[in-house]
Every structure is written in C-alpha cells, then in structure tokens.
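J.: data07.cif is reproduced below (mmCIF, C-alpha atoms).
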```
data_upload
loop_
_atom_site.label_atom_id
_atom_site.label_comp_id
_atom_site.auth_asym_id
_atom_site.auth_seq_id
_atom_site.Cartn_x
_atom_site.Cartn_y
_atom_site.Cartn_z
CA MET A 1 23.19 57.02 64.33
CA LYS A 2 24.77 60.33 63.31
CA GLN A 3 28.22 58.98 64.10
CA SER A 4 27.63 55.92 61.89
CA ILE A 5 26.50 58.09 58.97
CA ILE A 6 29.65 60.21 59.24
CA LEU A 7 31.85 57.09 59.28
CA TRP A 8 30.04 55.62 56.25
CA ILE A 9 30.50 58.88 54.34
CA ALA A 10 34.20 58.90 55.25
CA ALA A 11 34.54 55.26 54.13
CA LEU A 12 32.84 56.04 50.82
CA ILE A 13 35.09 59.04 50.19
CA ILE A 14 38.25 57.05 50.95
CA SER A 15 37.12 54.09 48.83
CA PHE A 16 36.06 56.15 45.81
CA SER A 17 39.25 58.22 46.02
CA ALA A 18 41.36 55.06 46.14
CA GLY A 19 39.43 53.63 43.17
CA TYR A 20 39.97 56.79 41.13
CA ILE A 21 43.68 56.94 41.93
CA GLN A 22 44.16 53.24 41.22
CA SER A 23 42.41 53.42 37.84
CA THR A 24 44.27 56.52 36.64
CA LEU A 25 47.67 55.22 37.75
CA SER A 26 47.08 51.74 36.33
CA PRO A 27 49.37 50.77 33.42
CA ASP A 28 46.20 49.56 31.68
CA TYR A 29 44.59 53.02 31.76
CA PRO A 30 43.74 54.02 28.17
CA ALA A 31 45.97 56.43 26.28
CA ASN A 32 43.73 59.39 25.51
CA GLY A 33 43.95 63.01 24.52
CA THR A 34 42.97 65.72 22.08
CA VAL A 35 44.87 66.84 18.99
CA SER A 36 44.34 70.32 17.54
CA MET A 37 44.37 70.41 13.74
CA ASP A 38 43.79 73.14 11.18
CA SER A 39 40.13 72.13 10.72
CA GLY A 40 39.35 71.47 14.38
CA ASP A 41 40.00 69.12 17.28
CA VAL A 42 40.31 65.34 17.30
CA SER A 43 39.84 63.19 20.41
CA TYR A 44 41.02 59.63 20.95
CA SER A 45 41.01 56.97 23.65
CA PHE A 46 43.18 53.97 22.79
CA GLU A 47 42.66 50.91 24.98
CA LYS A 48 45.56 48.85 26.31
CA VAL A 49 43.57 45.72 27.20
CA TYR A 50 40.87 44.00 25.13
CA ARG A 51 38.59 41.32 26.57
CA GLY A 52 35.93 41.37 23.86
CA LYS A 53 34.93 38.97 21.13
CA GLY A 54 36.12 39.36 17.57
CA ASP A 55 38.19 42.18 16.13
CA PHE A 56 39.32 45.20 18.13
CA LYS A 57 37.90 48.48 16.86
CA VAL A 58 39.89 51.71 17.04
CA TRP A 59 37.98 55.01 17.04
CA VAL A 60 39.02 58.62 16.50
CA VAL A 61 36.36 61.32 16.97
CA SER A 62 36.53 64.78 15.38
CA ASP A 63 34.42 67.92 15.59
CA PHE A 64 34.67 68.48 11.83
CA THR A 65 33.94 66.47 8.69
CA GLY A 66 36.40 65.09 6.18
CA LEU A 67 38.98 63.68 8.60
CA LYS A 68 41.06 60.90 7.06
CA GLY A 69 43.46 58.49 8.64
CA ILE A 70 45.35 55.22 8.52
CA LEU A 71 45.57 52.73 11.35
CA GLU A 72 48.97 51.06 11.67
CA TRP A 73 49.45 47.97 13.81
CA LYS A 74 51.95 45.16 14.26
CA ASN A 75 52.67 42.25 16.56
CA VAL A 76 55.20 43.23 19.21
CA ASP A 77 57.75 40.73 17.90
CA SER A 78 57.42 41.98 14.32
CA SER A 79 58.94 44.97 12.54
CA ASN A 80 56.34 45.10 9.75
CA TRP A 81 53.44 47.51 10.18
CA ASN A 82 50.02 46.59 8.79
CA LYS A 83 48.14 49.57 7.37
CA VAL A 84 44.33 49.88 7.35
CA ASP A 85 42.36 52.83 6.01
CA MET A 86 40.08 54.30 8.68
CA GLN A 87 36.47 54.56 7.49
CA PRO A 88 33.76 57.06 8.51
CA SER A 89 31.56 55.75 11.34
CA GLY A 90 29.09 58.34 12.58
CA GLU A 91 31.03 61.33 13.92
CA ALA A 92 34.24 59.32 13.91
CA ILE A 93 36.56 57.34 11.71
CA ALA A 94 37.41 53.77 12.68
CA ALA A 95 39.39 50.68 11.70
CA ARG A 96 39.82 47.19 13.09
CA ILE A 97 42.70 45.09 14.35
CA PRO A 98 42.00 41.37 13.73
CA ALA A 99 41.27 39.20 16.76
CA HIS A 100 44.30 37.54 18.36
CA PRO A 101 44.67 34.61 20.79
CA PRO A 102 44.65 35.42 24.54
CA LEU A 103 47.86 37.04 25.86
CA SER A 104 48.88 38.23 22.39
CA ARG A 105 50.27 41.78 22.25
CA VAL A 106 50.19 44.27 19.42
CA GLU A 107 51.24 47.88 18.99
CA TYR A 108 49.07 50.37 17.16
CA ARG A 109 48.81 54.03 16.21
CA ALA A 110 46.84 56.26 13.87
CA LEU A 111 48.20 58.60 11.21
CA LEU A 112 45.62 61.34 10.62
CA SER A 113 45.69 63.79 7.73
CA ASP A 114 44.19 67.27 7.52
CA ASN A 115 44.95 69.94 4.92
CA GLY A 116 48.02 68.07 3.71
CA ARG A 117 49.55 67.59 7.16
CA ILE A 118 50.06 64.25 8.92
CA TYR A 119 49.35 63.96 12.63
CA PRO A 120 50.56 60.83 14.47
CA VAL A 121 48.18 59.77 17.25
CA PRO A 122 49.37 59.48 19.91
CA ASN A 123 52.34 61.70 19.18
CA ASN A 124 54.61 59.99 21.73
CA GLY A 125 54.67 56.56 20.11
CA ALA A 126 52.48 53.53 19.54
CA VAL A 127 50.11 52.09 22.15
CA ARG A 128 50.64 48.50 23.24
CA LEU A 129 47.46 46.42 23.38
CA GLN A 130 47.06 43.03 25.06
CA PHE A 131 44.39 40.66 23.85
CA LEU A 132 42.72 38.59 26.54
CA GLY A 133 40.00 35.97 26.39
CA HIS A 134 36.41 37.16 26.41
CA VAL A 135 35.05 38.03 29.88
CA PRO A 136 31.22 38.33 30.07
CA SER A 137 29.99 41.74 31.19
CA GLN A 138 27.97 40.19 34.05
CA LEU A 139 31.11 38.57 35.41
CA MET A 140 33.01 41.86 35.22
CA MET A 141 30.14 43.55 37.07
CA PHE A 142 30.25 41.10 39.99
CA TYR A 143 34.06 41.21 39.95
CA TYR A 144 34.04 44.95 40.59
CA ILE A 145 31.07 44.84 42.98
CA THR A 146 32.76 42.33 45.30
CA LEU A 147 36.10 44.15 45.03
CA PHE A 148 34.61 47.51 45.91
CA ALA A 149 32.40 46.01 48.63
CA GLY A 150 35.46 44.46 50.25
CA LEU A 151 37.39 47.72 49.99
CA LEU A 152 34.50 49.76 51.40
CA LEU A 153 33.78 47.35 54.26
CA GLY A 154 37.49 47.03 55.04
CA VAL A 155 37.84 50.80 55.34
CA ARG A 156 34.64 50.94 57.36
CA ALA A 157 35.94 48.25 59.73
CA GLY A 158 38.99 50.39 60.46
CA LEU A 159 36.90 53.51 61.04
CA GLU A 160 34.56 51.59 63.35
CA GLY A 161 37.19 51.90 66.07
CA PHE A 162 36.35 55.59 66.41
CA LYS A 163 32.85 54.76 67.69
CA ASP A 164 32.00 54.60 71.37
CA LYS A 165 30.56 51.07 71.02
CA PRO A 166 32.30 49.61 67.96
CA ARG A 167 31.13 46.49 66.14
CA ILE A 168 34.49 45.66 64.66
CA LYS A 169 33.97 41.89 64.60
CA LEU A 170 30.80 42.25 62.51
CA TYR A 171 32.48 44.43 59.87
CA THR A 172 35.50 42.14 59.80
CA ILE A 173 33.28 39.14 59.02
CA PHE A 174 31.49 40.98 56.19
CA THR A 175 34.80 42.21 54.77
CA LEU A 176 36.19 38.68 54.72
CA ILE A 177 33.01 37.37 53.03
CA SER A 178 33.38 40.01 50.31
CA PHE A 179 37.04 39.21 49.67
CA PHE A 180 36.29 35.48 49.78
CA SER A 181 33.74 35.91 46.98
CA PHE A 182 36.06 38.23 45.08
CA THR A 183 39.23 36.14 45.34
CA LEU A 184 37.99 32.56 45.15
CA ILE A 185 35.05 33.04 42.78
CA PHE A 186 34.93 36.09 40.55
CA SER A 187 38.64 36.89 40.29
CA THR A 188 39.59 33.30 39.46
CA VAL A 189 36.80 32.85 36.90
CA LYS A 190 37.71 36.18 35.28
CA LYS A 191 41.37 35.15 35.11
CA GLY A 192 40.37 31.80 33.61
CA CYS A 193 38.40 33.57 30.88
CA GLU A 194 41.26 35.98 30.18
CA LEU A 195 43.80 33.17 29.82
CA GLY A 196 41.53 31.13 27.58
CA ILE A 197 41.20 28.33 30.12
CA ILE A 198 37.45 28.92 30.45
CA GLY A 199 35.72 29.08 27.09
CA GLY A 200 38.94 28.29 25.26
CA THR A 201 41.36 25.47 24.66
CA LYS A 202 44.27 26.38 26.93
CA VAL A 203 45.24 24.05 29.76
CA ALA A 204 47.23 25.63 32.58
CA PRO A 205 48.15 24.95 36.22
CA ILE A 206 45.50 26.05 38.71
CA ASN A 207 47.89 28.53 40.34
CA GLU A 208 47.68 30.69 37.20
CA LEU A 209 44.07 31.47 38.11
CA PHE A 210 45.14 33.36 41.23
CA SER A 211 46.52 36.90 41.09
CA SER A 212 48.70 38.30 43.84
CA GLY A 213 46.48 41.27 44.68
CA PRO A 214 43.27 39.34 45.42
CA VAL A 215 45.18 36.64 47.31
CA LEU A 216 46.91 39.25 49.49
CA LEU A 217 43.60 40.92 50.36
CA PHE A 218 41.96 37.63 51.26
CA THR A 219 44.96 36.49 53.34
CA LEU A 220 45.13 39.86 55.08
CA TRP A 221 41.55 39.65 56.31
CA ILE A 222 41.88 36.03 57.42
CA ALA A 223 44.77 37.19 59.62
CA ALA A 224 42.76 40.24 60.74
CA LEU A 225 39.82 38.03 61.71
CA ILE A 226 42.03 35.77 63.80
CA LEU A 227 43.72 38.69 65.58
CA ILE A 228 40.52 40.66 66.16
CA PHE A 229 38.67 37.66 67.61
CA ASN A 230 41.55 36.49 69.79
CA THR A 231 43.23 39.63 71.13
CA GLN A 232 42.20 42.71 73.07
CA LYS A 233 43.55 45.16 70.47
CA GLN A 234 40.62 45.01 68.08
CA LYS A 235 40.78 48.70 67.11
CA LEU A 236 44.51 48.54 66.34
CA TRP A 237 44.26 45.42 64.18
CA ALA A 238 41.17 46.66 62.34
CA LEU A 239 42.76 50.02 61.57
CA SER A 240 46.00 48.35 60.48
CA ALA A 241 44.16 45.91 58.20
CA SER A 242 42.12 48.77 56.77
CA ALA A 243 45.24 50.81 55.94
CA LEU A 244 46.98 47.77 54.40
CA THR A 245 43.87 47.06 52.30
CA VAL A 246 44.05 50.51 50.72
CA ILE A 247 47.82 50.16 50.15
CA ILE A 248 47.46 46.74 48.50
CA PHE A 249 44.59 48.02 46.38
CA LEU A 250 46.58 51.04 45.17
CA ALA A 251 49.76 49.03 44.53
CA GLY A 252 48.14 45.97 42.94
CA LYS A 253 46.74 45.32 39.50
CA PHE A 254 42.99 44.74 39.60
#
```
Could you take the file, read its structure, and then write that structure out as structure tokens?
T.:
Amino acid sequence: MKQSIILWIAALIISFSAGYIQSTLSPDYPANGTVSMDSGDVSYSFEKVYRGKGDFKVWVVSDFTGLKGILEWKNVDSSNWNKVDMQPSGEAIAARIPAHPPLSRVEYRALLSDNGRIYPVPNNGAVRLQFLGHVPSQLMMFYYITLFAGLLLGVRAGLEGFKDKPRIKLYTIFTLISFFSFTLIFSTVKKGCELGIIGGTKVAPINELFSSGPVLLFTLWIAALILIFNTQKQKLWALSASALTVIIFLAGKF
C-alpha cells in the first residue's frame, strides 16, 4: 500500500511538471508582463488563440487611475492598422477586435499613454492572434481531463514496474481507454469546432479532425498493449511507453 502511494505521488509530480513545462513552452502561451510607468505599474496578458463567441476583448490592468490607451490591430496580410480607443472597464481599460472566421489571424498591440509618454505594449512587437471556432467550455474540460488522465496513467504504468507484484497490464488498459476517449472523441470534436466544421459551414476532409499529437499517443499505447500482453518484457515496454508519452506530450501541440 505504501509503495503504491509513493508511486502515485511520483506519477502526479511528473505529470504536473510536464503539464507546466508544456504550457509555458507552448507557442500559444499568452504574451504577458508588467510595464512600469510614471504613475504606477500596468499588467497585461495578451492571448494568442481565441475560441470564444463574438468579438475578442483586450484588457490592460493598472494600479492607478487615468490610464489611457489605443488598441491597434490588423489582419496579418494587411499593412493598415485599425485604431480603437481603450475604454475604462473596472480597474482596467479595454477594447475589442471584431470577430473573424475560424483560422483567421490578426496582429495587435496597445499604445498606452501616461504623463505625455507613449508606452507600446508589448514593447517587443505586436502579438499574433488566431481566431478559431467556438469550443464549449464543457468540451474543453473533458478534453483536458482525458488528456491528463492518459498522461497520468501512462506515467503510472511505467512506474508500476518498480513494484514487487506489478499490475502493468491493468494500467496499460486504463491508459489506452483514456487516450482512446481523448483522441477519437474529445480531440476530434474540439478540432471540428475550431475549424468551423461543427457549428459552422465549413466542409473539410475527415483527416483534418485528427492532430498528430493525439494520434501518436493513441498509436503508442496500442503498440504498448500488444507488446505488454504478448512478450515477457512487460516492465521494459511499459517504462519505454511511459517515457515516450511524456516526450510526445512535451513536443506536441495540445
């Protein structure tokens, strides 16, 4: 019992660490930071992907009153910037970028003014935003639950080999069930929503619903199941599949 608890804790630590690293290294991780001005500090977090309905709202939060700013945005294939005055909204100022069709890309930035000085935010250039079709929050929840469950169980299957009486086959089956649900159900439906195939008017080949990362994870654990059930090297194959799961997760886009 004590050994199992230790292995579960280790699996949780590895899985959460991989999730944190993957999210922070993702190209879709928001551009955020803090800008120090004469009157105080301003914080921003500019998204790079938008799956919501309607216009996209850009916020800038300050710890002082009277902040003013202009939101500039343009389509990536255009050279003309659209300018929108940012309006007070609680403790922040905000402006909107009009809704775009799925897969459209725009660039945007804010020009903030304080005591006669102009501060570009971010100061290293505009942020590129991709519009995607609306994905319901419940779907996103199950998408991440099945992804993390598969990752956790996959890591746990590899660590199971360190037990005196391992149940590697059982954990392999549960891992494959998780990645089956993730890849063939929630990932494909999410991709269909993002592309506008589900809830929209776009018609596309079915292969566009499958992303490489989910497919690789599902294929990996089908192979692992076959090897673990048909060879004597269960510990080796489980540990190898577990390590490859973490690598694919860190290298892929989820």
J.: Taking all atoms listed in the file into account, name the residue in A:Phe46, A:Phe142, A:Phe254, A:Phe182 that is nearest to Val60 in chain A.
T.: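 Selected residue with least distance to Val60 in chain A: A:Phe46.
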J.: Would you translate the PyMOL selection byres ((chain A and resi 84) around 7) into the concrete set of residues it matches in this file, as a CSV table (one decimal) with C-alpha atoms, in the coordinates of the input?
T.:
```csv
chain,number,residue,atom,x,y,z
A,70,ILE,CA,45.4,55.2,8.5
A,71,LEU,CA,45.6,52.7,11.4
A,72,GLU,CA,49.0,51.1,11.7
A,82,ASN,CA,50.0,46.6,8.8
A,83,LYS,CA,48.1,49.6,7.4
A,85,ASP,CA,42.4,52.8,6.0
A,86,MET,CA,40.1,54.3,8.7
A,95,ALA,CA,39.4,50.7,11.7
```
J.: Residues proximal to (45.6, 31.7, 39.8) were defined as those with any atom within 12 Å of that point in the file's coordinates, counting only C-alpha atoms. Which are they, as a VMD selection string?
T.: chain A and resid 183 to 195 197 204 to 215
J.: What does the distance from CA of Asp41 in chain A to CA of Trp73 in chain A come to in Å, to one decimal?
T.: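 Computing it gives 23.4 Å between the two atoms.
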J.: On this structure, the PyMOL selection byres ((chain A and resi 110) around 12) would catch which residues? List them as a ChimeraX atom specification, sorted by chain and number.
T.: /A:35,42-46,58-60,68-73,81-86,93-97,107-109,111-113,118-127
J.: Which neighbours of Leu170 in chain A fall inside 12 Å, counting all atoms listed in the file, when residues of the same chain fewer than 2 positions from it are skipped, and could you give them as a PDB file with C-alpha atoms, in the frame of the given file?
T.:
```
ATOM      1  CA  LEU A 153      33.780  47.350  54.260  1.00  0.00           C
ATOM      2  CA  GLY A 154      37.490  47.030  55.040  1.00  0.00           C
ATOM      3  CA  ARG A 156      34.640  50.940  57.360  1.00  0.00           C
ATOM      4  CA  ALA A 157      35.940  48.250  59.730  1.00  0.00           C
ATOM      5  CA  GLY A 158      38.990  50.390  60.460  1.00  0.00           C
ATOM      6  CA  GLU A 160      34.560  51.590  63.350  1.00  0.00           C
ATOM      7  CA  PRO A 166      32.300  49.610  67.960  1.00  0.00           C
ATOM      8  CA  ARG A 167      31.130  46.490  66.140  1.00  0.00           C
ATOM      9  CA  ILE A 168      34.490  45.660  64.660  1.00  0.00           C
ATOM     10  CA  THR A 172      35.500  42.140  59.800  1.00  0.00           C
ATOM     11  CA  ILE A 173      33.280  39.140  59.020  1.00  0.00           C
ATOM     12  CA  PHE A 174      31.490  40.980  56.190  1.00  0.00           C
ATOM     13  CA  THR A 175      34.800  42.210  54.770  1.00  0.00           C
ATOM     14  CA  LEU A 176      36.190  38.680  54.720  1.00  0.00           C
ATOM     15  CA  ILE A 177      33.010  37.370  53.030  1.00  0.00           C
ATOM     16  CA  LEU A 225      39.820  38.030  61.710  1.00  0.00           C
ATOM     17  CA  ILE A 228      40.520  40.660  66.160  1.00  0.00           C
ATOM     18  CA  PHE A 229      38.670  37.660  67.610  1.00  0.00           C
ATOM     19  CA  GLN A 234      40.620  45.010  68.080  1.00  0.00           C
ATOM     20  CA  ALA A 238      41.170  46.660  62.340  1.00  0.00           C
TER      21      ALA A 238
END
```
J.: What is the CA of Asp77 in chain A to CA of Ile198 in chain A distance in Å?
T.: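 Going from CA of Asp77 in chain A over to CA of Ile198 in chain A covers 26.6 Å.
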J.: Residues proximal to (44.3, 41.5, 57.2) were defined as those with any atom within 10 Å of that point in the file's coordinates, counting all atoms listed in the file. Which are they, as a list in words?
T.: Gly154, Thr172, Thr175, Leu176, Leu216, Leu217, Phe218, Thr219, Leu220, Trp221, Ile222, Ala223, Ala224, Leu225, Ile226, Leu227, Ile228, Trp237, Ala238, Leu239, Ser240, Ala241, Ser242, Ala243, Leu244 and Thr245 of chain A
J.: For range 128-130 of chain A, find every residue with an atom within 7 Å (counting only C-alpha atoms), except residues of its own chain fewer than 2 positions away, and show them as a list in words.
T.: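 So the residues in contact are Glu47, Lys48, Val49, Tyr50, Leu103, Ser104, Arg105, Val106, Glu107, Tyr108, Ala126 and Leu132 of chain A.
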J.: Go through A:Phe16, A:Asn32, A:Leu159, A:Asn80 and flag the residue nearest Phe249 in chain A, using all atoms listed in the file for the distances.
T.: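 Distance minimum relative to Phe249 in chain A lands on A:Phe16.
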